[in-house]
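Chemist: This one is target.pdb, PDB, C-alpha atoms.
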```pdb
ATOM      1  CA  MET A1447     109.702 109.785 117.957  1.00  0.00           C
ATOM      2  CA  LEU A1448     110.695 106.179 118.529  1.00  0.00           C
ATOM      3  CA  ARG A1449     114.130 105.775 120.091  1.00  0.00           C
ATOM      4  CA  GLU A1450     115.509 103.217 117.652  1.00  0.00           C
ATOM      5  CA  GLU A1451     118.454 103.149 115.323  1.00  0.00           C
ATOM      6  CA  ILE A1452     117.587 104.717 111.944  1.00  0.00           C
ATOM      7  CA  LEU A1453     118.527 102.367 109.120  1.00  0.00           C
ATOM      8  CA  ALA A1454     117.386 104.661 106.298  1.00  0.00           C
ATOM      9  CA  PHE A1455     115.366 107.830 105.780  1.00  0.00           C
ATOM     10  CA  CYS A1456     114.020 109.903 102.923  1.00  0.00           C
ATOM     11  CA  TYR A1457     112.262 113.230 102.583  1.00  0.00           C
ATOM     12  CA  LEU A1458     108.793 112.955 101.050  1.00  0.00           C
ATOM     13  CA  GLN A1459     109.218 116.001  98.821  1.00  0.00           C
ATOM     14  CA  GLN A1460     111.801 118.686  99.517  1.00  0.00           C
ATOM     15  CA  VAL A1461     115.260 118.041 100.914  1.00  0.00           C
ATOM     16  CA  LYS A1462     115.638 119.050 104.577  1.00  0.00           C
ATOM     17  CA  ASP A1463     111.863 119.234 105.028  1.00  0.00           C
ATOM     18  CA  GLU A1464     111.753 117.734 108.524  1.00  0.00           C
ATOM     19  CA  LYS A1465     107.951 118.001 108.623  1.00  0.00           C
ATOM     20  CA  ASN A1466     107.539 115.459 105.813  1.00  0.00           C
ATOM     21  CA  LYS A1467     109.830 112.431 105.753  1.00  0.00           C
ATOM     22  CA  CYS A1468     110.025 108.649 106.193  1.00  0.00           C
ATOM     23  CA  LEU A1469     112.272 106.728 108.588  1.00  0.00           C
ATOM     24  CA  LEU A1470     113.075 103.018 108.668  1.00  0.00           C
ATOM     25  CA  THR A1471     114.181 101.444 111.955  1.00  0.00           C
ATOM     26  CA  PRO A1472     114.797  97.758 112.732  1.00  0.00           C
ATOM     27  CA  LYS A1473     111.173  97.351 113.867  1.00  0.00           C
ATOM     28  CA  HIS A1474     109.182 100.284 112.451  1.00  0.00           C
ATOM     29  CA  LEU A1475     108.481 102.325 109.366  1.00  0.00           C
ATOM     30  CA  VAL A1476     107.770 105.860 110.539  1.00  0.00           C
ATOM     31  CA  VAL A1477     106.029 108.437 108.349  1.00  0.00           C
ATOM     32  CA  ILE A1478     106.162 112.082 109.399  1.00  0.00           C
ATOM     33  CA  TYR A1479     103.546 113.921 107.309  1.00  0.00           C
ATOM     34  CA  ARG A1480     102.738 117.561 108.024  1.00  0.00           C
ATOM     35  CA  LYS A1481     104.427 117.232 111.450  1.00  0.00           C
ATOM     36  CA  LYS A1482     102.234 114.257 112.428  1.00  0.00           C
ATOM     37  CA  THR A1483     104.204 111.092 113.221  1.00  0.00           C
ATOM     38  CA  THR A1484     102.657 107.734 112.269  1.00  0.00           C
ATOM     39  CA  PRO A1485     104.642 104.570 113.135  1.00  0.00           C
ATOM     40  CA  PHE A1486     103.940 101.228 111.445  1.00  0.00           C
ATOM     41  CA  GLU A1487     105.262  97.984 112.922  1.00  0.00           C
ATOM     42  CA  LEU A1488     107.229  96.024 110.327  1.00  0.00           C
ATOM     43  CA  GLU A1489     105.799  92.821 111.760  1.00  0.00           C
ATOM     44  CA  HIS A1490     102.313  93.878 110.588  1.00  0.00           C
ATOM     45  CA  LEU A1491     103.374  95.719 107.437  1.00  0.00           C
ATOM     46  CA  GLN A1492     102.073  94.191 104.201  1.00  0.00           C
ATOM     47  CA  GLY A1493     103.903  96.468 101.772  1.00  0.00           C
ATOM     48  CA  VAL A1494     104.691 100.003 100.598  1.00  0.00           C
ATOM     49  CA  SER A1495     103.832 101.272  97.121  1.00  0.00           C
ATOM     50  CA  PHE A1496     102.847 104.270  95.022  1.00  0.00           C
ATOM     51  CA  ASN A1497      99.298 104.738  93.735  1.00  0.00           C
ATOM     52  CA  ASN A1498      97.104 107.302  92.031  1.00  0.00           C
ATOM     53  CA  ARG A1499      93.958 108.469  93.812  1.00  0.00           C
ATOM     54  CA  ARG A1500      91.033 110.707  92.884  1.00  0.00           C
ATOM     55  CA  TRP A1501      89.863 113.131  95.580  1.00  0.00           C
ATOM     56  CA  LEU A1502      86.171 112.556  96.311  1.00  0.00           C
ATOM     57  CA  LEU A1503      85.454 115.830  98.137  1.00  0.00           C
ATOM     58  CA  PRO A1504      86.273 118.244  95.259  1.00  0.00           C
ATOM     59  CA  LEU A1505      84.778 115.710  92.837  1.00  0.00           C
ATOM     60  CA  ILE A1506      81.419 115.605  94.638  1.00  0.00           C
ATOM     61  CA  ALA A1507      81.379 119.287  95.616  1.00  0.00           C
ATOM     62  CA  GLY A1508      82.327 120.394  92.095  1.00  0.00           C
ATOM     63  CA  GLY A1509      79.607 118.221  90.559  1.00  0.00           C
ATOM     64  CA  ILE A1510      76.883 119.459  92.897  1.00  0.00           C
ATOM     65  CA  VAL A1511      77.808 123.172  92.818  1.00  0.00           C
ATOM     66  CA  GLY A1512      78.371 123.088  89.050  1.00  0.00           C
ATOM     67  CA  SER A1513      74.997 121.453  88.401  1.00  0.00           C
ATOM     68  CA  PHE A1514      73.042 123.896  90.581  1.00  0.00           C
ATOM     69  CA  SER A1515      74.822 126.972  89.214  1.00  0.00           C
ATOM     70  CA  LEU A1516      74.192 125.836  85.639  1.00  0.00           C
ATOM     71  CA  LEU A1517      70.536 125.198  86.466  1.00  0.00           C
ATOM     72  CA  ALA A1518      70.253 128.668  88.045  1.00  0.00           C
ATOM     73  CA  ILE A1519      71.696 130.253  84.889  1.00  0.00           C
ATOM     74  CA  PHE A1520      69.136 128.501  82.664  1.00  0.00           C
ATOM     75  CA  LEU A1521      66.259 129.476  84.979  1.00  0.00           C
ATOM     76  CA  ASN A1522      67.569 133.037  85.214  1.00  0.00           C
ATOM     77  CA  LEU A1523      67.296 132.983  89.015  1.00  0.00           C
ATOM     78  CA  TYR A1524      70.137 135.385  89.641  1.00  0.00           C
ATOM     79  CA  ASN A1525      72.731 137.544  87.923  1.00  0.00           C
ATOM     80  CA  PRO A1526      74.244 135.112  85.386  1.00  0.00           C
ATOM     81  CA  TRP A1527      77.844 136.380  85.640  1.00  0.00           C
ATOM     82  CA  PRO A1528      78.477 135.391  89.271  1.00  0.00           C
ATOM     83  CA  LEU A1529      76.712 132.117  88.543  1.00  0.00           C
ATOM     84  CA  PHE A1530      78.887 131.544  85.499  1.00  0.00           C
ATOM     85  CA  LEU A1531      82.030 132.252  87.579  1.00  0.00           C
ATOM     86  CA  LEU A1532      80.785 129.815  90.226  1.00  0.00           C
ATOM     87  CA  PHE A1533      80.178 127.223  87.505  1.00  0.00           C
ATOM     88  CA  VAL A1534      83.743 127.638  86.175  1.00  0.00           C
ATOM     89  CA  LEU A1535      85.221 127.284  89.671  1.00  0.00           C
ATOM     90  CA  ALA A1536      83.091 124.189  90.308  1.00  0.00           C
ATOM     91  CA  ALA A1537      84.197 122.699  86.979  1.00  0.00           C
ATOM     92  CA  LEU A1538      87.854 123.313  87.864  1.00  0.00           C
ATOM     93  CA  GLY A1539      87.323 121.682  91.266  1.00  0.00           C
ATOM     94  CA  PHE A1540      85.611 118.705  89.613  1.00  0.00           C
ATOM     95  CA  TYR A1541      88.479 118.399  87.122  1.00  0.00           C
ATOM     96  CA  TRP A1542      91.083 118.617  89.891  1.00  0.00           C
ATOM     97  CA  GLY A1543      89.295 115.912  91.875  1.00  0.00           C
ATOM     98  CA  TRP A1544      88.947 113.688  88.779  1.00  0.00           C
ATOM     99  CA  MET A1545      92.633 113.860  87.875  1.00  0.00           C
ATOM    100  CA  PRO A1546      94.730 111.089  89.529  1.00  0.00           C
ATOM    101  CA  HIS A1547      97.062 112.312  92.289  1.00  0.00           C
ATOM    102  CA  PRO A1548     100.155 110.383  93.442  1.00  0.00           C
ATOM    103  CA  VAL A1549     100.117 108.979  96.964  1.00  0.00           C
ATOM    104  CA  LEU A1550     102.424 106.892  99.107  1.00  0.00           C
ATOM    105  CA  THR A1551     100.392 103.859 100.190  1.00  0.00           C
ATOM    106  CA  ILE A1552     101.311 101.836 103.258  1.00  0.00           C
ATOM    107  CA  ARG A1553      99.356  98.610 103.775  1.00  0.00           C
ATOM    108  CA  ASP A1554      99.109  96.976 107.171  1.00  0.00           C
ATOM    109  CA  GLN A1555      96.880  94.157 108.372  1.00  0.00           C
ATOM    110  CA  VAL A1556      93.918  96.515 108.856  1.00  0.00           C
ATOM    111  CA  LYS A1557      93.785  98.902 105.877  1.00  0.00           C
ATOM    112  CA  GLU A1558      95.682 101.055 103.410  1.00  0.00           C
ATOM    113  CA  HIS A1559      97.079 104.388 104.551  1.00  0.00           C
ATOM    114  CA  ASP A1560      97.572 107.063 101.862  1.00  0.00           C
ATOM    115  CA  PHE A1561      99.933 110.024 102.136  1.00  0.00           C
ATOM    116  CA  PRO A1562      99.442 112.551  99.273  1.00  0.00           C
ATOM    117  CA  LEU A1563     102.507 113.599  97.287  1.00  0.00           C
ATOM    118  CA  ARG A1564     103.130 116.432  94.846  1.00  0.00           C
ATOM    119  CA  TYR A1565     105.479 114.203  92.855  1.00  0.00           C
ATOM    120  CA  ILE A1566     107.458 110.991  93.299  1.00  0.00           C
ATOM    121  CA  SER A1567     111.192 111.577  93.499  1.00  0.00           C
ATOM    122  CA  ALA A1568     113.870 109.085  92.506  1.00  0.00           C
ATOM    123  CA  ASN A1569     115.138 109.052  96.112  1.00  0.00           C
ATOM    124  CA  LEU A1570     111.685 108.176  97.413  1.00  0.00           C
ATOM    125  CA  ARG A1571     111.360 105.352  94.878  1.00  0.00           C
ATOM    126  CA  ALA A1572     114.708 103.954  96.002  1.00  0.00           C
ATOM    127  CA  PHE A1573     113.677 104.242  99.656  1.00  0.00           C
ATOM    128  CA  VAL A1574     110.394 102.360  99.071  1.00  0.00           C
ATOM    129  CA  SER A1575     112.244  99.630  97.176  1.00  0.00           C
ATOM    130  CA  PHE A1576     114.703  99.287 100.074  1.00  0.00           C
ATOM    131  CA  VAL A1577     111.881  99.110 102.658  1.00  0.00           C
ATOM    132  CA  ASN A1578     110.104  96.335 100.752  1.00  0.00           C
ATOM    133  CA  GLN A1579     113.339  94.374 100.362  1.00  0.00           C
ATOM    134  CA  TYR A1580     114.203  94.796 104.029  1.00  0.00           C
ATOM    135  CA  LYS A1581     110.688  93.730 105.015  1.00  0.00           C
ATOM    136  CA  LYS A1582     110.978  90.646 102.802  1.00  0.00           C
ATOM    137  CA  GLN A1583     114.234  89.680 104.490  1.00  0.00           C
ATOM    138  CA  ARG A1584     112.811  90.298 107.946  1.00  0.00           C
ATOM    139  CA  ASN A1585     109.844  88.072 107.123  1.00  0.00           C
ATOM    140  CA  GLU A1586     112.196  85.139 106.621  1.00  0.00           C
ATOM    141  CA  MET A1587     113.334  83.079 109.539  1.00  0.00           C
ATOM    142  CA  ILE A1588     117.018  83.304 110.432  1.00  0.00           C
ATOM    143  CA  TYR A1589     118.937  80.041 110.491  1.00  0.00           C
ATOM    144  CA  HIS A1590     121.983  79.465 112.661  1.00  0.00           C
ATOM    145  CA  VAL A1591     123.946  76.243 113.084  1.00  0.00           C
ATOM    146  CA  ALA A1592     125.160  75.918 116.666  1.00  0.00           C
ATOM    147  CA  ARG A1593     127.540  73.483 118.241  1.00  0.00           C
ATOM    148  CA  THR A1594     125.314  71.152 120.199  1.00  0.00           C
ATOM    149  CA  GLU A1595     127.265  71.574 123.441  1.00  0.00           C
ATOM    150  CA  GLU A1596     126.943  75.375 123.184  1.00  0.00           C
ATOM    151  CA  TRP A1597     123.203  75.081 122.590  1.00  0.00           C
ATOM    152  CA  GLU A1598     122.844  72.789 125.620  1.00  0.00           C
ATOM    153  CA  MET A1599     124.788  75.309 127.696  1.00  0.00           C
ATOM    154  CA  ALA A1600     122.465  78.055 126.486  1.00  0.00           C
ATOM    155  CA  GLN A1601     119.504  76.211 128.025  1.00  0.00           C
ATOM    156  CA  GLN A1602     121.079  76.716 131.442  1.00  0.00           C
ATOM    157  CA  GLN A1603     122.089  80.345 130.848  1.00  0.00           C
ATOM    158  CA  ASN A1604     118.738  81.219 129.229  1.00  0.00           C
ATOM    159  CA  ARG A1605     120.506  82.888 126.298  1.00  0.00           C
ATOM    160  CA  TYR A1606     122.662  81.774 123.394  1.00  0.00           C
ATOM    161  CA  GLN A1607     125.966  83.317 122.349  1.00  0.00           C
ATOM    162  CA  THR A1608     129.039  82.270 120.381  1.00  0.00           C
ATOM    163  CA  ASP A1609     132.734  83.075 120.207  1.00  0.00           C
ATOM    164  CA  SER A1610     132.051  85.203 117.130  1.00  0.00           C
ATOM    165  CA  LEU A1611     130.032  87.574 119.317  1.00  0.00           C
ATOM    166  CA  GLN A1612     133.212  88.349 121.241  1.00  0.00           C
ATOM    167  CA  LYS A1613     135.529  88.392 118.216  1.00  0.00           C
ATOM    168  CA  ALA A1614     133.423  89.953 115.459  1.00  0.00           C
ATOM    169  CA  GLY A1615     130.691  91.546 117.560  1.00  0.00           C
ATOM    170  CA  PHE A1616     127.815  89.514 116.127  1.00  0.00           C
ATOM    171  CA  ILE A1617     126.384  86.006 115.712  1.00  0.00           C
ATOM    172  CA  HIS A1618     126.333  84.708 112.150  1.00  0.00           C
ATOM    173  CA  GLY A1619     122.999  83.839 110.573  1.00  0.00           C
ATOM    174  CA  ALA A1620     121.703  82.824 107.164  1.00  0.00           C
ATOM    175  CA  SER A1621     118.500  82.538 105.158  1.00  0.00           C
ATOM    176  CA  GLN A1622     117.223  79.098 104.220  1.00  0.00           C
ATOM    177  CA  HIS A1623     118.742  79.113 100.731  1.00  0.00           C
ATOM    178  CA  GLN A1624     122.044  80.476 102.080  1.00  0.00           C
ATOM    179  CA  LEU A1625     122.110  77.682 104.660  1.00  0.00           C
ATOM    180  CA  THR A1626     121.544  75.093 101.928  1.00  0.00           C
ATOM    181  CA  ARG A1627     124.534  76.407  99.977  1.00  0.00           C
ATOM    182  CA  LEU A1628     126.718  76.467 103.103  1.00  0.00           C
ATOM    183  CA  LYS A1629     125.774  72.876 103.813  1.00  0.00           C
ATOM    184  CA  GLN A1630     126.532  71.819 100.249  1.00  0.00           C
ATOM    185  CA  HIS A1631     130.012  73.358 100.506  1.00  0.00           C
ATOM    186  CA  GLY A1632     130.788  71.299 103.619  1.00  0.00           C
ATOM    187  CA  VAL A1633     131.208  74.309 105.904  1.00  0.00           C
ATOM    188  CA  PHE A1634     130.083  72.274 108.938  1.00  0.00           C
ATOM    189  CA  PRO A1635     132.462  69.319 109.621  1.00  0.00           C
ATOM    190  CA  PRO A1636     130.538  66.055 110.052  1.00  0.00           C
ATOM    191  CA  HIS A1637     132.621  64.946 113.044  1.00  0.00           C
ATOM    192  CA  GLN A1638     131.104  67.795 115.095  1.00  0.00           C
ATOM    193  CA  ALA A1639     127.614  67.553 116.636  1.00  0.00           C
ATOM    194  CA  TRP A1640     125.528  70.420 115.280  1.00  0.00           C
ATOM    195  CA  THR A1641     122.085  71.807 116.152  1.00  0.00           C
ATOM    196  CA  LEU A1642     120.064  73.924 113.722  1.00  0.00           C
ATOM    197  CA  LEU A1643     118.364  76.934 115.331  1.00  0.00           C
ATOM    198  CA  VAL A1644     115.397  78.485 113.548  1.00  0.00           C
ATOM    199  CA  ILE A1645     115.085  82.054 114.820  1.00  0.00           C
ATOM    200  CA  ASP A1646     112.155  84.487 114.560  1.00  0.00           C
ATOM    201  CA  PRO A1647     113.817  87.858 113.801  1.00  0.00           C
ATOM    202  CA  PHE A1648     110.918  89.833 115.284  1.00  0.00           C
ATOM    203  CA  LYS A1649     111.405  88.174 118.676  1.00  0.00           C
ATOM    204  CA  VAL A1650     115.152  88.758 118.862  1.00  0.00           C
ATOM    205  CA  LYS A1651     115.900  91.492 121.388  1.00  0.00           C
ATOM    206  CA  ALA A1652     119.393  92.196 120.042  1.00  0.00           C
ATOM    207  CA  GLU A1653     119.933  94.345 116.951  1.00  0.00           C
ATOM    208  CA  ILE A1654     119.881  92.541 113.585  1.00  0.00           C
ATOM    209  CA  ARG A1655     121.777  93.948 110.606  1.00  0.00           C
ATOM    210  CA  TYR A1656     121.743  92.552 107.074  1.00  0.00           C
ATOM    211  CA  GLU A1657     125.309  92.904 105.836  1.00  0.00           C
ATOM    212  CA  PRO A1658     127.782  91.333 103.402  1.00  0.00           C
ATOM    213  CA  GLY A1659     129.291  88.211 104.946  1.00  0.00           C
ATOM    214  CA  ASP A1660     132.841  86.870 105.016  1.00  0.00           C
ATOM    215  CA  ASP A1661     132.842  83.864 102.710  1.00  0.00           C
ATOM    216  CA  PRO A1662     134.044  80.636 104.332  1.00  0.00           C
ATOM    217  CA  PRO A1663     136.527  78.483 102.344  1.00  0.00           C
ATOM    218  CA  GLY A1664     134.962  77.126  99.159  1.00  0.00           C
ATOM    219  CA  PHE A1665     131.868  79.323  99.440  1.00  0.00           C
ATOM    220  CA  THR A1666     131.328  82.362  97.228  1.00  0.00           C
ATOM    221  CA  SER A1667     128.361  84.664  97.814  1.00  0.00           C
ATOM    222  CA  GLN A1668     126.872  87.035  95.289  1.00  0.00           C
ATOM    223  CA  ALA A1669     128.188  90.584  95.149  1.00  0.00           C
ATOM    224  CA  ASP A1670     125.026  92.122  96.621  1.00  0.00           C
ATOM    225  CA  GLU A1671     124.146  89.234  98.969  1.00  0.00           C
ATOM    226  CA  LEU A1672     123.397  90.155 102.571  1.00  0.00           C
ATOM    227  CA  PHE A1673     123.562  87.897 105.626  1.00  0.00           C
ATOM    228  CA  PRO A1674     121.688  88.458 108.907  1.00  0.00           C
ATOM    229  CA  HIS A1675     124.081  89.340 111.722  1.00  0.00           C
ATOM    230  CA  ILE A1676     122.762  89.383 115.292  1.00  0.00           C
ATOM    231  CA  TYR A1677     124.613  91.929 117.434  1.00  0.00           C
ATOM    232  CA  GLY A1678     124.074  90.420 120.861  1.00  0.00           C
ATOM    233  CA  PRO A1679     123.064  87.232 122.681  1.00  0.00           C
ATOM    234  CA  ILE A1680     119.932  85.491 121.387  1.00  0.00           C
ATOM    235  CA  ASN A1681     117.061  85.263 123.867  1.00  0.00           C
ATOM    236  CA  LEU A1682     115.771  81.683 123.856  1.00  0.00           C
ATOM    237  CA  ASP A1683     112.124  82.602 123.271  1.00  0.00           C
ATOM    238  CA  ALA A1684     113.193  83.825 119.795  1.00  0.00           C
ATOM    239  CA  VAL A1685     114.273  80.281 118.855  1.00  0.00           C
ATOM    240  CA  VAL A1686     111.116  78.714 117.428  1.00  0.00           C
ATOM    241  CA  ARG A1687     112.734  75.372 116.637  1.00  0.00           C
ATOM    242  CA  ALA A1688     115.959  73.515 117.421  1.00  0.00           C
ATOM    243  CA  GLU A1689     116.777  70.240 115.677  1.00  0.00           C
ATOM    244  CA  PRO A1690     119.822  68.064 114.891  1.00  0.00           C
ATOM    245  CA  PHE A1691     121.764  69.238 111.852  1.00  0.00           C
ATOM    246  CA  PHE A1692     123.905  66.925 109.759  1.00  0.00           C
ATOM    247  CA  SER A1693     126.540  67.985 107.257  1.00  0.00           C
ATOM    248  CA  PRO A1694     127.318  65.806 104.249  1.00  0.00           C
ATOM    249  CA  ALA A1695     130.507  63.774 104.468  1.00  0.00           C
ATOM    250  CA  PRO A1696     133.436  65.387 102.603  1.00  0.00           C
TER     251      PRO A1696
END
```
Turn the structure described in the file into structure tokens.
Modeler:
Amino acid sequence: MLREEILAFCYLQQVKDEKNKCLLTPKHLVVIYRKKTTPFELEHLQGVSFNNRRWLLPLIAGGIVGSFSLLAIFLNLYNPWPLFLLFVLAALGFYWGWMPHPVLTIRDQVKEHDFPLRYISANLRAFVSFVNQYKKQRNEMIYHVARTEEWEMAQQQNRYQTDSLQKAGFIHGASQHQLTRLKQHGVFPPHQAWTLLVIDPFKVKAEIRYEPGDDPPGFTSQADELFPHIYGPINLDAVVRAEPFFSPAP
């Protein structure tokens, strides 16, 4: 088991079935299916969904066995009753293989991974929706507006941190559209020299949480809007771009 903070988890079928469950951590989606643990890196994850699959083995086996048993009955090669029973069993197997079965499908950069399910619970649907939303947010770059003198100091210390890290425990971040709205509301005074940091969330060594943010004066976020908060100093190799940032005059 990966030693990471668990952001969310869900049992695949029965509650408290520790042999079959899904876990979401800041960097992995972990599926435990029949005691076997399979981790997927969020960086390479393409998506999680539900699908219906037909099982080829019972489909092929049922077709072959059913055809030969029926042929043997017509040719009177053996006692017809055992052959008829074998034909019925083969037909049931063929039918079972032909019927669609629900699976949990996880797509990475290589292939699709299917995990068979007996049914799809409401909790599992909610979990999959949350994973896809979290993945979408993690795919976006994090934007942080730093005071230029603090960013220049960070070059010497080889890490970036702010006063908010000491006071609130995290460094404030925003998505691109959130940053645009903050800029439009004049959150960053134009008399201050600012530097925009574009941060790759997958390279940040500190923990990142997506949480409701405290609205600055004149800025109102949506009720369910989450902001990226970085709970620790930012390692400089996670900053993919730094450029001057200008606020509009009030």
Chemist: Quick one: everything within 10 Å of A:Thr1484, counting all atoms listed in the file, minus sequence neighbours fewer than 5 positions away in the same chain. Send it as a list in words.
Modeler: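 The neighbour list is Met1447, Cys1468, His1474, Leu1475, Val1476, Val1477, Ile1478 and Tyr1479 of chain A.
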Chemist: Skipping near chain neighbours, those fewer than 4 positions away, what residues fall within 9 Å of A:Leu1488 using all atoms listed in the file, listed as a list in words?
Modeler: Thr1471, Pro1472, Lys1473, His1474, Leu1475, Gln1492, Asp1554, Lys1581, Arg1584, Asn1585 and Phe1648 of chain A
Chemist: For A:Trp1597, find every residue with an atom within 9 Å (counting all atoms listed in the file), except residues of its own chain fewer than 3 positions away, and show them as a list of chain:residue names.
Modeler: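 Returned residues: A:Ala1592, A:Arg1593, A:Thr1594, A:Ala1600, A:Gln1601, A:Tyr1606, A:Gln1607, A:Trp1640, A:Thr1641, A:Leu1643.
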Chemist: Write out, as a short mmCIF file (atom, residue, chain, number, x, y, z; two decimals), in the frame of the given file, the residues just selected, with C-alpha atoms.
Modeler:
```cif
data_model
loop_
_atom_site.label_atom_id
_atom_site.label_comp_id
_atom_site.auth_asym_id
_atom_site.auth_seq_id
_atom_site.Cartn_x
_atom_site.Cartn_y
_atom_site.Cartn_z
CA ALA A 1592 125.16 75.92 116.67
CA ARG A 1593 127.54 73.48 118.24
CA THR A 1594 125.31 71.15 120.20
CA ALA A 1600 122.46 78.06 126.49
CA GLN A 1601 119.50 76.21 128.02
CA TYR A 1606 122.66 81.77 123.39
CA GLN A 1607 125.97 83.32 122.35
CA TRP A 1640 125.53 70.42 115.28
CA THR A 1641 122.08 71.81 116.15
CA LEU A 1643 118.36 76.93 115.33
#
```
Chemist: From the set A:Ser1575, A:Leu1625, A:Tyr1677, A:Asn1466, which residue has the shortest atom-to-atom contact distance to A:Lys1613, counting only C-alpha atoms?
Modeler: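 Closest to A:Lys1613, using only C-alpha atoms: A:Tyr1677.
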Chemist: List the neighbours of stretch 1496-1510 of chain A out to 8 Å using all atoms listed in the file; skip same-chain residues closer than 4 positions along the sequence, and give me the result as a PyMOL selection string.
Modeler: chain A and resi 1514+1535-1551
Chemist: List as a Markdown table every residue of stretch 1600-1676 of chain A that is in contact with stretch 1452-1461 of chain A, defined as an atom at most 12 Å from one of its atoms (using all atoms listed in the file), together with the nearest atom pair and the distance in Å rounded to one decimal, sorted by chain and then rising number.
Modeler:
```
| residue | atom | partner | partner_atom | distance |
| --- | --- | --- | --- | --- |
| A:Glu1653 | CA | A:Leu1453 | CA | 11.3 |
| A:Ile1654 | CA | A:Leu1453 | CA | 10.9 |
| A:Arg1655 | CA | A:Leu1453 | CA | 9.1 |
| A:Tyr1656 | CA | A:Leu1453 | CA | 10.5 |
```
Chemist: Could you tell me which of A:Met1599, A:Phe1616, A:Leu1470, A:Val1591 comes closest to A:Glu1450 if we count all atoms listed in the file?
Modeler: A:Leu1470
Chemist: To one decimal place, how far is atom CA of A:Arg1553 from atom CA of A:Val1574 in Å?
Modeler: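 A separation of 12.6 Å between them.
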Chemist: Report the distance between atom CA of A:Asp1560 and atom CA of A:Gln1579 in Å, rounded to one decimal place.
Modeler: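 Computed distance, atom CA of A:Asp1560 to atom CA of A:Gln1579, equals 20.3 Å.
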Chemist: What's the separation between atom CA of A:Leu1532 and atom CA of A:Gly1512, in Å to one decimal place?
Modeler: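 It comes out at 7.2 Å.
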Chemist: Write out as a PDB file with C-alpha atoms, in the coordinates of the input each polymer residue whose atoms come within 12 Å of A:Val1686, counting only C-alpha atoms; drop sequence neighbours fewer than 3 positions from it.
Modeler:
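This is the output file part30.pdb:
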```pdb
ATOM      1  CA  MET A1587     113.334  83.079 109.539  1.00  0.00           C
ATOM      2  CA  ILE A1588     117.018  83.304 110.432  1.00  0.00           C
ATOM      3  CA  TYR A1589     118.937  80.041 110.491  1.00  0.00           C
ATOM      4  CA  HIS A1590     121.983  79.465 112.661  1.00  0.00           C
ATOM      5  CA  LEU A1642     120.064  73.924 113.722  1.00  0.00           C
ATOM      6  CA  LEU A1643     118.364  76.934 115.331  1.00  0.00           C
ATOM      7  CA  VAL A1644     115.397  78.485 113.548  1.00  0.00           C
ATOM      8  CA  ILE A1645     115.085  82.054 114.820  1.00  0.00           C
ATOM      9  CA  ASP A1646     112.155  84.487 114.560  1.00  0.00           C
ATOM     10  CA  PRO A1647     113.817  87.858 113.801  1.00  0.00           C
ATOM     11  CA  PHE A1648     110.918  89.833 115.284  1.00  0.00           C
ATOM     12  CA  LYS A1649     111.405  88.174 118.676  1.00  0.00           C
ATOM     13  CA  VAL A1650     115.152  88.758 118.862  1.00  0.00           C
ATOM     14  CA  ILE A1680     119.932  85.491 121.387  1.00  0.00           C
ATOM     15  CA  ASN A1681     117.061  85.263 123.867  1.00  0.00           C
ATOM     16  CA  LEU A1682     115.771  81.683 123.856  1.00  0.00           C
ATOM     17  CA  ASP A1683     112.124  82.602 123.271  1.00  0.00           C
ATOM     18  CA  GLU A1689     116.777  70.240 115.677  1.00  0.00           C
TER      19      GLU A1689
END
```
Chemist: A:Glu1464, A:Tyr1580, A:Pro1526, A:Gln1602: which is nearest A:Lys1482, counting only C-alpha atoms?
Modeler: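 Among the listed residues, the smallest separation from A:Lys1482 belongs to A:Glu1464.
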Chemist: Considering all atoms listed in the file, can you say which of A:Pro1690, A:Gly1678, A:Gln1583, A:Ala1652 comes closest to A:Glu1489?
Modeler: A:Gln1583
Chemist: For each of A:Val1534, A:Ile1676, A:Leu1523, A:His1559, take the minimum atom-to-atom distance to A:Pro1485, counting only C-alpha atoms, then give the residue where this is smallest.
Modeler: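 Going through A:Val1534, A:Ile1676, A:Leu1523, A:His1559 one by one, the smallest distance to A:Pro1485 is for A:His1559.
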Chemist: Restricting the calculation to all atoms listed in the file, which member of A:Gln1555, A:Asn1525, A:Ser1515, A:Gln1624 is positioned closest to A:Gly1659?
Modeler: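 Looking at the shortest contact to A:Gly1659, the residue is A:Gln1624.
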